[in-house]
Each structure stands twice: as C-alpha cells, then as structure tokens.
Amino acid sequence: MTSFAVITPSYARDFELCRDLNRSMLEWTPPEVDHHLIVPTRDLKLFDRLRGPRTRIRSVDEMLPRRIWSVPKTNAWLNLRHPYPPIRGWVAQQLVKLRAAADLGADVLVLADSDVVFVRPVTLETFRSDGSVRFYRSENAVDARLPRHVIWHEVASRLLGLPPPRPPPLPDYISAFNAWDRKIVLGLRDRIEEVTGRPWLDAIAAELHVSEFILYGVFVDRVLEEAAEVSAADSMLCHSYWEATPLAPASAAGFVDALGPEDVAVMISAKSRTPLDVRRGALSGLRRAVPG
C-alpha cells in the first residue's frame, strides 16, 4: 500500500507557526498520515507539547550519526571524521530531511516548512498524477538575480558527477511545500556515494553551499531524465508569500483571498515578520470562505 508522511524541521523561534501547521495537518490529512517534527535537542521539551498519536517529535542529533556532534550554544555541528568546515544549521537541516525521507518508510514524503498551513483536504493523490509523484520544477526561474541558486546548481552537478550546469537561466526546484518520492531519494544518496567515494552524509556535510531540493531536482532532470516516475509541475499547490515585508491585516487578507482553486496550502514566510495575530486572522477568514 502506498503511503505518505509529512516532515517539518523546526526550532523554538518558529514554535507557534509550527503549532498552526501541525493543527492544520491533523485536520486536513487522512488519519493514517503522521507529522514528523525534527528539532534541535534543546527545543525538545518545548515541542513535546505537540506530541500525539499522529505527531512524532525527533531531535536533529537523533537523526545524525554519532560522529556528528552539535557545538554547544551554536547552530552548528562538527563531523569528527572531517571537522572542517563545521556543519551549519542550514546544512544539518537538509541532512535530516534526506535521512528522514529514506528512513521513515513512507513512499511519498511531503516536506512542509513551519510557516506553511494546510487549508484544504490533502490525500496521497494530491501529490500523484497517473501513478507518478508530483515534482516541482519552475523552468528558467534561476538567473543572475539568484546567485546562490546558481552556486547550488554547480554544487549539485559536482556531487552527482555531472558536467557544470549550462549558463542561466536554470530551473528552480525550491518550494516551502514539496513532495519527494522515497525511491528517488535513495537513488540520489547512492549516486552521491558512488561519485564521491564517501558516505552521502559526509559528502553533503562538507559543502558550505548546498540545497537539498536542487540536488533532488538536478538528479531527476539530469541523471534519471525520462526514467524518473515523476509528474513535473510549476506549482506545488501552495499559495506563497516570500517577501521580507510584513503583511498588515488588510494586505494579509487580500493575499489569502487570492488562493488558487487548486491550492491546498498557504505559506506566509516567517522572514516577513508578519505578526502572528495578522496571519491567524487572515487564515481564519479564508477558512470561513473556503469550506473543506
């Protein structure tokens, strides 16, 4: 039987956002779907409030091998086999996503950031088309205005043993709400080990600049090509606000009112610093307007 699970790395600063995500996930997904929250060890006590029959809480340290130690009072880890460079929190978060996606055993992994909320019913079929897993690709979305994305493409190409990417524009694969096929994740990890001659985790941890979503996307498009059982789409069904400017009540309400007919989730970026009461007020209005 095909199954899916939801994975969210989070931390104390985003606890209230993650609480809203968790509540919405429990409401809008089938009863057999679990939500796996992966948080720093120091935040376990806080997130334990969310633990329940369908909400699993795990620590980042638990997800990483013993040779990788967290550095006290920092958001960094050390790989004792290769202590330099230190593993930044951003990279560690990607490692635990890849580890969880392979280890949980679900066929489809839905990766939802803390600032996402589900707003409509979601089933496995939401992320499948003709038996294939939905694959997010935004063609030609990466250009000179996104230099870090270009670097992530270059790193992914090197880790996967591919020639350097073509000059921009390049496809973007990054979304706050995404879906992975577990079989593809396993193949990606095997490919990195074959190319680098190192455990996949060590190879990725040694990178200063890397994106798990671009790794997955480049692997699908440039290694698997037509062999991948994916259904490419330029939308992950999540109405997203990426700006750094906080939304006021009126603009937040206007934003959520623009929810697309196929969207099942909403993301208002935590980096926008939109007040929690404004987010919740706008989303409650959406809930009244859009019945399940």
# chains A, B, ... in the order shown; residues from 1 in each chain; ligands from 1
>>> residues_around(residues="Glu193 of chain A", least_positions_apart="4", cutoff="12 Å", atoms="only C-alpha atoms", output="ChimeraX atom specification")
/A:159-161,186-189,197-204
>>> write_last_selection(atoms="C-alpha atoms", output="PDB file, in the first residue's frame")
ATOM      1  CA  LEU A 159      28.186  15.902  -6.149  1.00  0.00           C
ATOM      2  CA  LEU A 160      26.316  13.961  -8.822  1.00  0.00           C
ATOM      3  CA  GLY A 161      29.318  13.626 -11.132  1.00  0.00           C
ATOM      4  CA  LEU A 186      17.519   6.503  -2.103  1.00  0.00           C
ATOM      5  CA  GLY A 187      18.861   6.647  -5.651  1.00  0.00           C
ATOM      6  CA  LEU A 188      20.159  10.179  -5.074  1.00  0.00           C
ATOM      7  CA  ARG A 189      22.071   9.118  -1.980  1.00  0.00           C
ATOM      8  CA  GLY A 197      33.549   7.625  -2.692  1.00  0.00           C
ATOM      9  CA  ARG A 198      32.272   8.825   0.689  1.00  0.00           C
ATOM     10  CA  PRO A 199      29.115   8.267   2.729  1.00  0.00           C
ATOM     11  CA  TRP A 200      26.450  10.561   1.264  1.00  0.00           C
ATOM     12  CA  LEU A 201      26.033  12.384   4.566  1.00  0.00           C
ATOM     13  CA  ASP A 202      29.743  13.197   4.846  1.00  0.00           C
ATOM     14  CA  ALA A 203      29.886  14.378   1.236  1.00  0.00           C
ATOM     15  CA  ILE A 204      26.970  16.790   1.651  1.00  0.00           C
TER      16      ILE A 204
END
>>> residues_around(residues="segment 88-95 of chain A", least_positions_apart="6", cutoff="7 Å", atoms="only C-alpha atoms", output="NGL selection string")
:A and (9 or 75-77 or 201 or 205 or 212)
>>> atom_distance(atom1="atom CA of Thr274 of chain A", atom2="atom CA of Ala248 of chain A")
7.4 Å
>>> select_by_dssp(residues="segment 10-251 of chain A", states="strand (DSSP E or B)", output="JSON, numbers by chain")
{"A": [35, 36, 37, 38, 39, 52, 55, 56, 57, 58, 59, 68, 69, 70, 76, 77, 78, 79, 82, 83, 84, 85, 86, 87, 88, 108, 109, 110, 111, 112, 116, 117, 118, 128, 129, 132, 133, 134, 135, 136, 138, 139, 140, 141, 142, 170, 171, 172, 177, 178, 179, 180, 181, 230, 231, 232, 233, 238, 239, 240, 241]}
>>> closest_residue(among="A:Pro275, A:Pro165, A:Gly285, A:Pro30", to="Gly254 of chain A", atoms="only C-alpha atoms")
A:Gly285
